[in-house]
$ cat input25.txt   # compact mmCIF, C-alpha atoms and all ligand atoms
# COMPACT_ATOMS: atom_id res chain seq x y z
CA MET L 1 -27.52 16.66 1.69
CA VAL L 2 -29.41 19.99 1.58
CA PHE L 3 -28.27 22.66 -0.79
CA LEU L 4 -29.66 26.19 -1.08
CA SER L 5 -30.91 27.20 -4.53
CA LYS L 6 -29.26 30.17 -6.22
CA GLU L 7 -32.30 32.41 -5.60
CA MET L 8 -32.16 31.78 -1.87
CA VAL L 9 -28.59 33.01 -1.54
CA ASN L 10 -29.32 36.70 -1.02
CA THR L 11 -29.54 39.15 1.84
CA ASN L 12 -33.22 38.61 2.69
CA PRO L 13 -33.25 38.22 6.53
CA THR L 14 -35.59 35.19 6.43
CA VAL L 15 -33.35 33.50 3.89
CA MET L 16 -30.25 34.44 5.90
CA LYS L 17 -31.77 32.76 8.95
CA MET L 18 -32.71 29.70 6.90
CA LYS L 19 -29.21 29.65 5.48
CA SER L 20 -27.55 29.65 8.89
CA THR L 21 -29.95 26.94 10.14
CA TYR L 22 -29.14 24.83 7.10
CA SER L 23 -25.42 25.47 7.55
CA LEU L 24 -25.66 24.35 11.15
CA LEU L 25 -27.52 21.22 10.08
CA VAL L 26 -24.92 20.49 7.41
CA VAL L 27 -22.09 20.96 9.93
CA LEU L 28 -23.83 18.67 12.44
CA LEU L 29 -24.43 16.09 9.75
CA LEU L 30 -20.79 16.19 8.64
CA GLN L 31 -19.66 15.79 12.26
CA LEU L 32 -21.93 12.78 12.63
CA ILE L 33 -20.51 11.26 9.45
CA SER L 34 -16.93 11.85 10.64
CA PHE L 35 -17.26 10.53 14.16
CA CYS L 36 -20.07 8.03 14.29
CA PRO L 37 -18.59 4.57 13.71
CA SER L 38 -21.88 3.20 12.40
CA SER L 39 -22.31 5.86 9.71
CA ALA L 40 -21.99 5.22 6.00
CA GLN L 41 -18.48 6.72 5.83
CA ALA L 42 -17.17 4.50 8.56
CA VAL L 43 -17.69 0.83 9.20
CA GLY L 44 -20.67 -0.95 10.63
CA ASP L 45 -20.77 -4.70 10.74
CA GLY L 46 -20.40 -4.70 6.99
CA LYS L 47 -23.83 -6.18 6.46
CA GLY L 48 -25.78 -2.97 5.99
CA GLN L 49 -26.39 -1.52 2.55
CA GLY L 50 -24.08 1.33 1.74
CA THR L 51 -21.52 0.65 4.47
CA PHE L 52 -17.86 0.55 3.62
CA LEU L 53 -16.02 -2.54 4.82
CA PHE L 54 -12.42 -1.42 4.50
CA ASN L 55 -9.70 0.63 2.85
CA ASP L 56 -7.39 -1.52 0.73
CA ALA L 57 -3.76 -1.06 1.84
CA HIS L 58 -2.33 -3.40 -0.81
CA PHE L 59 -3.71 -3.56 -4.34
CA HIS L 60 -2.28 -4.22 -7.83
CA LEU L 61 -4.26 -2.75 -10.72
CA THR L 62 -2.14 -4.60 -13.28
CA ASN L 63 -0.47 -8.01 -13.48
CA TYR L 64 2.95 -9.42 -14.39
CA VAL L 65 2.39 -8.64 -18.07
CA GLN L 66 1.17 -5.11 -17.31
CA GLU L 67 -2.46 -5.84 -18.11
CA GLY L 68 -5.29 -5.20 -15.71
CA THR L 69 -8.64 -3.83 -14.71
CA ASP L 70 -9.79 -0.52 -16.22
CA ILE L 71 -9.66 2.06 -13.45
CA ARG L 72 -13.33 3.04 -13.95
CA GLU L 73 -14.35 -0.58 -13.68
CA MET L 74 -12.23 -0.73 -10.52
CA LEU L 75 -14.35 2.06 -9.02
CA ASN L 76 -17.46 -0.05 -9.74
CA ILE L 77 -15.82 -3.07 -8.11
CA MET L 78 -14.96 -1.00 -5.01
CA GLY L 79 -18.55 0.26 -5.05
CA ASP L 80 -19.95 0.90 -1.59
CA LYS L 81 -17.73 -1.75 0.02
CA ILE L 82 -14.23 -0.31 -0.31
CA HIS L 83 -13.86 3.33 0.56
CA ARG L 84 -10.25 3.97 -0.51
CA SER L 85 -7.51 1.90 -2.10
CA THR L 86 -3.83 1.95 -2.83
CA LEU L 87 -3.09 1.81 -6.54
CA PHE L 88 -0.01 0.19 -8.01
CA GLY L 89 1.05 -2.06 -10.83
CA ILE L 90 3.82 -4.64 -10.67
CA PRO L 91 7.40 -3.38 -10.93
CA VAL L 92 8.52 -6.31 -13.08
CA GLN L 93 7.41 -7.70 -16.40
CA GLN L 94 7.40 -11.40 -17.28
CA GLN L 95 9.23 -11.77 -20.58
CA TRP L 96 7.48 -13.85 -23.24
CA SER L 97 10.42 -15.74 -24.69
CA TYR L 98 9.36 -17.61 -27.81
CA ARG L 99 12.41 -19.83 -27.42
CA VAL L 100 11.16 -20.96 -23.99
CA THR L 101 7.36 -21.24 -24.20
CA GLY L 102 6.63 -20.93 -27.92
CA ASP L 103 3.06 -19.81 -28.60
CA PHE L 104 2.15 -19.96 -24.90
CA ALA L 105 2.04 -16.39 -23.56
CA PRO L 106 2.95 -16.49 -19.85
CA GLN L 107 0.85 -14.30 -17.53
CA TYR L 108 2.45 -15.08 -14.18
CA TYR L 109 6.01 -15.46 -12.93
CA LEU L 110 5.46 -19.18 -12.34
CA ASP L 111 4.29 -19.71 -15.94
CA SER L 112 7.75 -19.64 -17.51
CA ASP L 113 11.47 -19.94 -16.77
CA ALA L 114 12.08 -16.82 -18.86
CA PRO L 115 13.27 -13.89 -16.72
CA LEU L 116 11.43 -10.93 -15.26
CA TYR L 117 12.73 -7.40 -15.82
CA TYR L 118 12.07 -4.01 -14.18
CA TYR L 119 9.35 -2.20 -16.09
CA SER L 120 9.52 1.54 -15.34
CA PHE L 121 6.61 2.52 -17.59
CA THR L 122 4.24 1.13 -14.96
CA ASP L 123 4.55 4.43 -13.03
CA ALA L 124 3.44 6.50 -16.04
CA TYR L 125 0.61 4.06 -16.71
CA ILE L 126 -0.67 4.27 -13.11
CA ALA L 127 -0.31 8.08 -13.06
CA MET L 128 -2.23 8.52 -16.33
CA ALA L 129 -5.01 6.17 -15.19
CA TYR L 130 -5.33 8.16 -11.95
CA LYS L 131 -5.24 11.52 -13.74
CA SER L 132 -8.07 10.41 -16.06
CA LEU L 133 -10.45 10.41 -13.07
CA SER L 134 -12.51 13.25 -11.58
CA LYS L 135 -11.17 14.83 -8.38
CA ALA L 136 -13.84 13.03 -6.33
CA ASP L 137 -12.84 9.65 -7.77
CA GLN L 138 -9.11 10.41 -7.41
CA ALA L 139 -9.72 10.95 -3.68
CA ARG L 140 -10.46 7.22 -3.39
CA PHE L 141 -6.99 6.16 -4.58
CA ASP L 142 -3.44 6.44 -3.26
CA PRO L 143 -1.09 5.73 -6.19
CA MET L 144 2.35 4.25 -5.48
CA ILE L 145 5.63 4.30 -7.44
CA THR L 146 7.04 0.83 -8.17
CA GLY L 147 9.00 0.95 -11.46
CA PHE L 148 12.52 1.26 -10.10
CA ASN L 149 15.41 -1.17 -9.85
CA PRO L 150 16.34 -1.38 -6.14
CA THR L 151 19.90 -2.45 -6.98
CA ASP L 152 20.57 0.75 -8.94
CA MET L 153 22.09 3.81 -7.25
CA TYR L 154 19.95 5.78 -9.73
CA ALA L 155 16.70 4.30 -8.34
CA ALA L 156 16.08 7.32 -6.09
CA ALA L 157 16.59 9.57 -9.13
CA HIS L 158 13.86 7.63 -10.95
CA ILE L 159 11.47 8.07 -8.00
CA ARG L 160 12.26 11.80 -7.88
CA ARG L 161 11.67 12.09 -11.65
CA VAL L 162 8.26 10.43 -11.27
CA LEU L 163 7.28 12.98 -8.58
CA GLU L 164 8.50 15.82 -10.83
CA THR L 165 6.66 14.52 -13.89
CA PHE L 166 3.40 13.71 -12.08
CA PRO L 167 3.14 16.08 -9.11
CA GLY L 168 0.03 15.72 -6.98
CA VAL L 169 -0.35 12.01 -7.77
CA PHE L 170 1.79 9.65 -5.68
CA THR L 171 1.64 8.84 -1.96
CA GLY L 172 4.37 6.25 -1.65
CA ILE L 173 6.58 3.56 -3.18
CA GLY L 174 5.89 -0.16 -3.45
CA GLU L 175 4.97 -2.84 -3.21
CA PHE L 176 8.49 -3.68 -4.27
CA SER L 177 10.46 -6.77 -3.35
CA ILE L 178 13.94 -7.53 -2.09
CA HIS L 179 13.82 -11.21 -1.11
CA LYS L 180 10.76 -12.96 -2.51
CA GLU L 181 10.37 -16.68 -3.14
CA PHE L 182 10.59 -17.59 -6.88
CA VAL L 183 10.71 -13.92 -7.94
CA SER L 184 14.00 -12.34 -6.78
CA SER L 185 16.20 -14.93 -8.47
CA LYS L 186 14.27 -14.58 -11.75
CA ILE L 187 14.85 -10.85 -12.25
CA SER L 188 17.44 -9.94 -14.90
CA GLY L 189 20.60 -8.24 -13.67
CA ASP L 190 21.94 -7.90 -10.14
CA VAL L 191 19.97 -9.73 -7.47
CA ALA L 192 18.45 -7.39 -4.88
CA SER L 193 19.98 -7.14 -1.41
CA LEU L 194 18.99 -5.58 1.91
CA THR L 195 22.57 -4.41 2.39
CA ASP L 196 22.75 -2.60 -0.95
CA PRO L 197 23.56 1.14 -0.58
CA ALA L 198 21.10 1.71 -3.45
CA LEU L 199 18.32 0.54 -1.13
CA ASP L 200 19.50 2.89 1.61
CA SER L 201 19.42 5.79 -0.85
CA ILE L 202 15.80 4.89 -1.74
CA PHE L 203 14.82 4.82 1.94
CA SER L 204 16.64 8.11 2.57
CA PHE L 205 14.76 9.76 -0.28
CA CYS L 206 11.48 8.50 1.23
CA GLU L 207 12.50 10.03 4.57
CA GLU L 208 13.12 13.34 2.77
CA THR L 209 9.86 13.35 0.79
CA GLY L 210 7.48 11.49 3.12
CA LEU L 211 6.74 8.77 0.54
CA LEU L 212 5.29 5.76 2.38
CA ILE L 213 7.15 2.48 1.73
CA ILE L 214 5.50 -0.92 1.13
CA LEU L 215 8.25 -3.54 1.12
CA HIS L 216 7.96 -7.24 0.41
CA ASN L 217 10.71 -9.25 2.07
CA ASP L 218 10.19 -12.88 3.04
CA VAL L 219 10.78 -13.55 6.73
CA ASP L 220 12.46 -16.86 5.94
CA ASP L 221 13.78 -19.01 3.11
CA PRO L 222 11.48 -21.44 1.38
CA PHE L 223 11.86 -24.84 3.10
CA PRO L 224 14.34 -23.57 5.72
CA LYS L 225 16.57 -25.96 7.61
CA PRO L 226 17.06 -25.41 11.35
CA SER L 227 19.65 -22.70 12.05
CA THR L 228 19.86 -21.65 8.37
CA PRO L 229 20.41 -17.89 8.40
CA ASN L 230 17.74 -15.78 6.75
CA TYR L 231 17.51 -12.11 5.85
CA THR L 232 15.33 -10.84 8.69
CA GLU L 233 18.13 -9.35 10.76
CA ASP L 234 19.38 -7.32 7.79
CA MET L 235 15.84 -6.11 7.17
CA LEU L 236 15.33 -4.90 10.74
CA LYS L 237 18.73 -3.14 10.62
CA LEU L 238 17.64 -1.41 7.40
CA PHE L 239 14.41 -0.24 9.06
CA LYS L 240 16.34 1.06 12.08
CA ARG L 241 18.73 3.02 9.85
CA HIS L 242 15.71 4.98 8.53
CA PRO L 243 13.63 6.08 11.53
CA GLN L 244 11.89 8.91 9.65
CA ALA L 245 10.47 6.56 6.99
CA SER L 246 6.89 5.30 7.18
CA ILE L 247 7.27 1.60 6.40
CA THR L 248 4.77 -1.19 5.81
CA TRP L 249 6.19 -4.70 5.81
CA ALA L 250 3.93 -6.50 3.33
CA HIS L 251 2.20 -9.79 4.24
CA ILE L 252 3.95 -9.77 7.66
CA GLY L 253 6.80 -11.45 5.79
CA LEU L 254 4.90 -14.56 4.68
CA GLY L 255 4.61 -16.05 1.21
CA ARG L 256 3.17 -18.80 -0.90
CA ILE L 257 5.54 -21.36 0.66
CA VAL L 258 7.21 -19.14 3.28
CA LYS L 259 5.23 -20.31 6.28
CA PRO L 260 5.17 -18.63 9.70
CA PRO L 261 8.27 -19.95 11.47
CA LEU L 262 7.84 -21.58 14.88
CA GLU L 263 7.09 -19.06 17.63
CA TYR L 264 6.25 -16.45 14.98
CA GLY L 265 3.88 -14.69 17.39
CA LYS L 266 6.66 -14.22 19.96
CA PHE L 267 9.06 -12.95 17.29
CA PHE L 268 6.43 -10.45 16.22
CA GLU L 269 5.70 -9.27 19.72
CA LYS L 270 9.41 -8.47 20.08
CA ILE L 271 9.33 -6.35 16.92
CA LEU L 272 6.13 -4.61 18.01
CA ALA L 273 7.60 -3.75 21.42
CA ASP L 274 10.88 -2.40 19.96
CA PRO L 275 10.90 1.42 20.33
CA GLU L 276 13.28 1.66 17.37
CA LEU L 277 10.69 0.04 15.08
CA LYS L 278 7.70 2.22 15.90
CA HIS L 279 7.68 3.54 12.32
CA VAL L 280 7.15 0.02 10.94
CA ASN L 281 3.63 -1.29 10.28
CA PHE L 282 2.39 -4.59 8.89
CA ASP L 283 -0.15 -5.56 6.28
CA ILE L 284 -2.01 -8.85 6.54
CA SER L 285 -2.89 -8.84 2.84
CA TRP L 286 -2.96 -11.86 0.47
CA ASP L 287 -5.21 -14.91 0.61
CA GLU L 288 -2.06 -17.01 1.15
CA VAL L 289 -1.47 -15.11 4.41
CA ALA L 290 -5.13 -15.41 5.46
CA LYS L 291 -4.79 -19.19 5.10
CA TYR L 292 -1.99 -19.23 7.70
CA LEU L 293 -3.57 -16.77 10.12
CA MET L 294 -7.06 -18.30 9.96
CA GLN L 295 -5.98 -21.97 9.98
CA ASN L 296 -7.50 -22.89 13.37
CA ASP L 297 -9.12 -21.36 16.45
CA GLN L 298 -5.88 -21.23 18.40
CA VAL L 299 -4.01 -19.30 15.69
CA ILE L 300 -6.99 -16.97 15.19
CA ALA L 301 -7.09 -16.26 18.94
CA ASN L 302 -3.34 -15.58 19.07
CA THR L 303 -3.46 -13.33 15.98
CA ALA L 304 -6.37 -11.38 17.49
CA ARG L 305 -4.59 -11.11 20.85
CA ILE L 306 -1.48 -9.57 19.26
CA ILE L 307 -3.45 -7.18 17.01
CA ASN L 308 -5.65 -6.13 19.95
CA MET L 309 -2.44 -5.26 21.85
CA TYR L 310 -1.04 -3.19 18.96
CA PRO L 311 -4.11 -2.18 16.93
CA ASP L 312 -2.43 0.86 15.37
CA ARG L 313 0.30 -1.24 13.68
CA PHE L 314 -1.70 -3.49 11.31
CA LEU L 315 -3.46 -2.81 8.02
CA PHE L 316 -5.75 -4.96 5.95
CA GLY L 317 -5.27 -5.19 2.17
CA THR L 318 -6.44 -7.60 -0.49
CA ASP L 319 -3.21 -8.00 -2.51
CA ASN L 320 -5.50 -8.80 -5.40
CA VAL L 321 -4.12 -8.44 -8.91
CA ALA L 322 -6.44 -7.02 -11.60
CA PRO L 323 -9.73 -8.34 -10.13
CA SER L 324 -12.67 -9.01 -12.43
CA SER L 325 -15.61 -8.79 -10.02
CA GLN L 326 -16.54 -7.39 -6.61
CA GLU L 327 -17.27 -10.87 -5.32
CA LYS L 328 -13.73 -12.05 -6.15
CA HIS L 329 -12.25 -8.83 -4.83
CA LEU L 330 -13.95 -9.26 -1.42
CA ASN L 331 -12.99 -12.91 -1.05
CA VAL L 332 -9.85 -12.36 1.03
CA TYR L 333 -11.71 -9.89 3.28
CA HIS L 334 -14.25 -12.60 4.09
CA MET L 335 -11.51 -15.17 4.70
CA TYR L 336 -10.69 -12.92 7.67
CA ASP L 337 -14.29 -12.87 9.00
CA PRO L 338 -13.26 -14.89 12.10
CA LEU L 339 -10.60 -12.28 12.82
CA TRP L 340 -13.03 -9.36 12.47
CA LYS L 341 -15.19 -11.11 15.07
CA ALA L 342 -12.28 -11.84 17.42
CA LEU L 343 -10.91 -8.28 17.43
CA THR L 344 -12.28 -5.53 19.63
CA PRO L 345 -14.52 -3.16 17.61
CA GLU L 346 -11.86 -0.45 17.94
CA ALA L 347 -9.02 -2.69 16.73
CA SER L 348 -11.13 -4.03 13.87
CA TYR L 349 -11.94 -0.48 12.77
CA MET L 350 -8.27 0.57 12.90
CA VAL L 351 -7.03 -2.43 10.88
CA ARG L 352 -9.74 -2.09 8.23
CA MET L 353 -10.06 1.70 7.98
CA GLY L 354 -8.45 3.97 10.54
CA ASN L 355 -4.75 3.11 10.20
CA TYR L 356 -4.94 3.44 6.42
CA GLU L 357 -6.40 6.94 6.69
CA ARG L 358 -3.90 8.06 9.31
CA LEU L 359 -0.79 6.74 7.53
CA PHE L 360 -1.66 7.48 3.89
CA ASP L 361 -3.09 10.93 4.66
CA ALA L 362 0.06 11.84 6.61
CA ALA L 363 2.29 10.58 3.77
CA ALA L 364 0.32 12.42 1.07
CA LYS L 365 0.51 15.65 3.06
CA ARG L 366 4.29 15.40 3.36
CA VAL L 367 4.78 14.47 -0.30
CA ARG L 368 2.61 17.38 -1.49
CA ALA L 369 4.67 19.75 0.72
CA TRP L 370 7.92 18.35 -0.74
CA GLU L 371 6.56 18.78 -4.27
CA ALA L 372 5.50 22.36 -3.55
CA ALA L 373 9.01 23.14 -2.32
CA ASN L 374 10.92 21.29 -5.07
CA VAL L 375 9.00 20.63 -8.29
CA GLY L 376 9.48 23.19 -11.04
CA LYS L 377 11.92 25.25 -8.98
CA PRO L 378 15.00 26.44 -10.87
CA LYS L 379 17.97 24.22 -10.19
CA LYS L 380 21.20 25.97 -9.31
CA ALA L 381 23.60 23.67 -11.08
CA PRO L 382 23.46 20.17 -12.49
CA GLU L 383 23.09 17.83 -9.56
CA PRO L 384 26.03 15.61 -8.74
CA THR L 385 25.77 12.04 -9.91
CA PRO L 386 26.93 9.22 -7.63
CA VAL L 387 30.01 8.72 -9.82
CA SER L 388 31.28 12.13 -8.65
CA GLY L 389 31.31 10.81 -5.08
CA ALA L 390 29.15 13.71 -3.85
CA PRO L 391 26.13 12.75 -1.76
CA LYS L 392 22.86 13.32 -3.62
CA TYR L 393 20.10 12.14 -1.33
ZN ZN Y 401 1.32 -7.58 -3.57
$ encode --input "input25.txt" --output "structure tokens" --more "lines below"
Ligand SMILES: [Zn+2]
Amino acid sequence: MVFLSKEMVNTNPTVMKMKSTYSLLVVLLLQLISFCPSSAQAVGDGKGQGTFLFNDAHFHLTNYVQEGTDIREMLNIMGDKIHRSTLFGIPVQQQWSYRVTGDFAPQYYLDSDAPLYYYSFTDAYIAMAYKSLSKADQARFDPMITGFNPTDMYAAAHIRRVLETFPGVFTGIGEFSIHKEFVSSKISGDVASLTDPALDSIFSFCEETGLLIILHNDVDDPFPKPSTPNYTEDMLKLFKRHPQASITWAHIGLGRIVKPPLEYGKFFEKILADPELKHVNFDISWDEVAKYLMQNDQVIANTARIINMYPDRFLFGTDNVAPSSQEKHLNVYHMYDPLWKALTPEASYMVRMGNYERLFDAAAKRVRAWEAANVGKPKKAPEPTPVSGAPKY
């Protein structure tokens, strides 16, 4: 990039002419960077030096015991391969119960039978990590609020308090879970439910503020029997009750043992064609999901066919937790290499980069506007609590 030195910025006609020529060049260069798909800002084939491969729509900086990668180290890991990334912790903490595992300190939810519990401090931790960065580095992250209990009618109040305490930071909420294999039943207190009014109040608050929602909800039960009811219908009803919300259904509903049900492609095409679900998008994050979608040529071709039909509805994310190296962090991206080849160049670009920018930029804009209108403004009277029966959100 060309910059004029201080001495050159004066009223000398020659310098003025030079200045306008340089300005024109800079403008042209910026336009090239913005619109040329093979430029450094956008995506080439991913093989060239200095080209970004993707924006990460699903990323956990910390793990189930709230430990993780230093945010500056994370910037190094993203390097010139990942342009932007979501930034969230894990909403629950695995308890280390000495009675259960003794000296063994569990790191993961499958390491111990001791319960998980909602860990609200994660939001402050993520906000402070983000705020420790320069403005230029902050621009590469979209932090998300996760530390709320979705069975609590006060959950929306927590989310609001986070926005009020850390204005200018958060873009959305999630990834949080309602029905998730192994996890939901392990969390202390009430089990989460898609029909819980507390969840509706969270979604309503996101409609009001513009906070983007990343929800994990398994599409089926682990080891389902034929005709066993699952929770999908309740989930789609929830989405339809909140048409103003910007929703991402994480992992297209799949899990470690929640496999794609039979005819999953057809089921998905129905959802994609439903005009009442146009505000719902899907991330194909997690290596467990890549294993299903990349299992053979026929599945790859069908996945590519559906994404090519609805290229604006899918996002790529890693779903990595506290990665330790760039190589490990890029692993799931490369598991999808056959998909990147099978998609049209336009669809591939949208899934890896374009949809992220469109959705997260739109959400951030709305949230900043809500904050400007609400944060720090004098409150008329104490707000009604749900116990009063008055509607709050
Ligand atoms: Zn995740």
$ closest_atom_pairs --input "input25.txt" --of "chain L" --to "ligand ZN 401 (chain Y)" --cutoff "10 Å" --atoms "only C-alpha atoms and all ligand atoms" --output "tab-separated table"
residue	atom	partner	partner_atom	distance
L:Ala57	CA	Y:ZN401	ZN	9.9
L:His58	CA	Y:ZN401	ZN	6.2
L:Phe59	CA	Y:ZN401	ZN	6.5
L:His60	CA	Y:ZN401	ZN	6.5
L:Phe88	CA	Y:ZN401	ZN	9.0
L:Gly89	CA	Y:ZN401	ZN	9.1
L:Ile90	CA	Y:ZN401	ZN	8.1
L:Gly174	CA	Y:ZN401	ZN	8.7
L:Glu175	CA	Y:ZN401	ZN	6.0
L:Phe176	CA	Y:ZN401	ZN	8.2
L:Ser177	CA	Y:ZN401	ZN	9.2
L:Ile214	CA	Y:ZN401	ZN	9.2
L:Leu215	CA	Y:ZN401	ZN	9.3
L:His216	CA	Y:ZN401	ZN	7.7
L:Ala250	CA	Y:ZN401	ZN	7.5
L:His251	CA	Y:ZN401	ZN	8.2
L:Ser285	CA	Y:ZN401	ZN	7.8
L:Trp286	CA	Y:ZN401	ZN	7.3
L:Gly317	CA	Y:ZN401	ZN	9.1
L:Thr318	CA	Y:ZN401	ZN	8.3
L:Asp319	CA	Y:ZN401	ZN	4.7
L:Asn320	CA	Y:ZN401	ZN	7.2
L:Val321	CA	Y:ZN401	ZN	7.7
$ write_last_selection --input "input25.txt" --atoms "C-alpha atoms" --output "CSV table (one decimal), in the frame of the given file"
chain,number,residue,atom,x,y,z
L,57,ALA,CA,-3.8,-1.1,1.8
L,58,HIS,CA,-2.3,-3.4,-0.8
L,59,PHE,CA,-3.7,-3.6,-4.3
L,60,HIS,CA,-2.3,-4.2,-7.8
L,88,PHE,CA,0.0,0.2,-8.0
L,89,GLY,CA,1.0,-2.1,-10.8
L,90,ILE,CA,3.8,-4.6,-10.7
L,174,GLY,CA,5.9,-0.2,-3.4
L,175,GLU,CA,5.0,-2.8,-3.2
L,176,PHE,CA,8.5,-3.7,-4.3
L,177,SER,CA,10.5,-6.8,-3.4
L,214,ILE,CA,5.5,-0.9,1.1
L,215,LEU,CA,8.2,-3.5,1.1
L,216,HIS,CA,8.0,-7.2,0.4
L,250,ALA,CA,3.9,-6.5,3.3
L,251,HIS,CA,2.2,-9.8,4.2
L,285,SER,CA,-2.9,-8.8,2.8
L,286,TRP,CA,-3.0,-11.9,0.5
L,317,GLY,CA,-5.3,-5.2,2.2
L,318,THR,CA,-6.4,-7.6,-0.5
L,319,ASP,CA,-3.2,-8.0,-2.5
L,320,ASN,CA,-5.5,-8.8,-5.4
L,321,VAL,CA,-4.1,-8.4,-8.9
$ atom_distance --input "input25.txt" --atom1 "CA of Leu211 (chain L)" --atom2 "CA of Thr122 (chain L)"
17.5 Å
$ atom_distance --input "input25.txt" --atom1 "CA of Lys180 (chain L)" --atom2 "CA of Leu194 (chain L)"
11.9 Å
$ residues_near_point --input "input25.txt" --point "(12.7, -3.4, -9.6)" --cutoff "8 Å" --atoms "all atoms listed in the file" --output "list in words"
Pro91, Val92, Tyr117, Tyr118, Tyr119, Thr146, Gly147, Phe148, Asn149, Pro150, Thr151, Phe176 and Ser177 of chain L
$ atom_distance --input "input25.txt" --atom1 "CA of Ile77 (chain L)" --atom2 "CA of Arg368 (chain L)"
28.3 Å
$ closest_residue --input "input25.txt" --among "L:Lys240, L:Ala105, L:Ile178, L:Thr171" --to "Thr209 (chain L)" --atoms "only C-alpha atoms"
L:Thr171
$ residues_near_point --input "input25.txt" --point "(4.1, -20.9, 8.6)" --cutoff "12 Å" --atoms "all atoms listed in the file" --output "VMD selection string"
chain L and resid 218 to 224 252 to 265 288 to 295 299
$ write_last_selection --input "input25.txt" --atoms "C-alpha atoms" --output "PDB file, in the coordinates of the input"
ATOM      1  CA  ASP L 218      10.190 -12.880   3.040  1.00  0.00           C
ATOM      2  CA  VAL L 219      10.780 -13.550   6.730  1.00  0.00           C
ATOM      3  CA  ASP L 220      12.460 -16.860   5.940  1.00  0.00           C
ATOM      4  CA  ASP L 221      13.780 -19.010   3.110  1.00  0.00           C
ATOM      5  CA  PRO L 222      11.480 -21.440   1.380  1.00  0.00           C
ATOM      6  CA  PHE L 223      11.860 -24.840   3.100  1.00  0.00           C
ATOM      7  CA  PRO L 224      14.340 -23.570   5.720  1.00  0.00           C
ATOM      8  CA  ILE L 252       3.950  -9.770   7.660  1.00  0.00           C
ATOM      9  CA  GLY L 253       6.800 -11.450   5.790  1.00  0.00           C
ATOM     10  CA  LEU L 254       4.900 -14.560   4.680  1.00  0.00           C
ATOM     11  CA  GLY L 255       4.610 -16.050   1.210  1.00  0.00           C
ATOM     12  CA  ARG L 256       3.170 -18.800  -0.900  1.00  0.00           C
ATOM     13  CA  ILE L 257       5.540 -21.360   0.660  1.00  0.00           C
ATOM     14  CA  VAL L 258       7.210 -19.140   3.280  1.00  0.00           C
ATOM     15  CA  LYS L 259       5.230 -20.310   6.280  1.00  0.00           C
ATOM     16  CA  PRO L 260       5.170 -18.630   9.700  1.00  0.00           C
ATOM     17  CA  PRO L 261       8.270 -19.950  11.470  1.00  0.00           C
ATOM     18  CA  LEU L 262       7.840 -21.580  14.880  1.00  0.00           C
ATOM     19  CA  GLU L 263       7.090 -19.060  17.630  1.00  0.00           C
ATOM     20  CA  TYR L 264       6.250 -16.450  14.980  1.00  0.00           C
ATOM     21  CA  GLY L 265       3.880 -14.690  17.390  1.00  0.00           C
ATOM     22  CA  GLU L 288      -2.060 -17.010   1.150  1.00  0.00           C
ATOM     23  CA  VAL L 289      -1.470 -15.110   4.410  1.00  0.00           C
ATOM     24  CA  ALA L 290      -5.130 -15.410   5.460  1.00  0.00           C
ATOM     25  CA  LYS L 291      -4.790 -19.190   5.100  1.00  0.00           C
ATOM     26  CA  TYR L 292      -1.990 -19.230   7.700  1.00  0.00           C
ATOM     27  CA  LEU L 293      -3.570 -16.770  10.120  1.00  0.00           C
ATOM     28  CA  MET L 294      -7.060 -18.300   9.960  1.00  0.00           C
ATOM     29  CA  GLN L 295      -5.980 -21.970   9.980  1.00  0.00           C
ATOM     30  CA  VAL L 299      -4.010 -19.300  15.690  1.00  0.00           C
TER      31      VAL L 299
END
$ closest_residue --input "input25.txt" --among "L:Ala362, L:Ile126, L:Met78, L:Leu133" --to "Leu53 (chain L)" --atoms "all atoms listed in the file"
L:Met78
$ residues_around --input "input25.txt" --residues "Ile247 (chain L)" --least-positions-apart "2" --cutoff "7 Å" --atoms "only C-alpha atoms" --output "list of chain:residue names"
L:Leu212, L:Ile213, L:Ile214, L:Ala245, L:Trp249, L:His279, L:Val280, L:Asn281
$ closest_residue --input "input25.txt" --among "L:Val65, L:Ala372, L:Met235, L:Ala301" --to "Lys341 (chain L)" --atoms "all atoms listed in the file"
L:Ala301
$ residues_around --input "input25.txt" --residues "Gln107 (chain L)" --least-positions-apart "4" --cutoff "8 Å" --atoms "all atoms listed in the file" --output "ChimeraX atom specification"
/L:63-65,94,111
$ closest_residue --input "input25.txt" --among "L:Ala347, L:Val332, L:Asp234, L:Pro243" --to "Phe203 (chain L)" --atoms "all atoms listed in the file"
L:Pro243
$ axis_aligned_box --input "input25.txt" --around "region 237-256 of chain L" --padding-each-side "5 Å" --output "AutoDock Vina command-line options"
--center_x 10.5 --center_y -4.9 --center_z 5.6 --size_x 26.5 --size_y 37.7 --size_z 23.0
$ closest_residue --input "input25.txt" --among "L:Glu233, L:Glu67, L:Glu371, L:Glu276" --to "Tyr108 (chain L)" --atoms "all atoms listed in the file"
L:Glu67
$ closest_residue --input "input25.txt" --among "L:Phe121, L:Trp370, L:Pro345, L:Pro323" --to "Phe205 (chain L)" --atoms "all atoms listed in the file"
L:Trp370
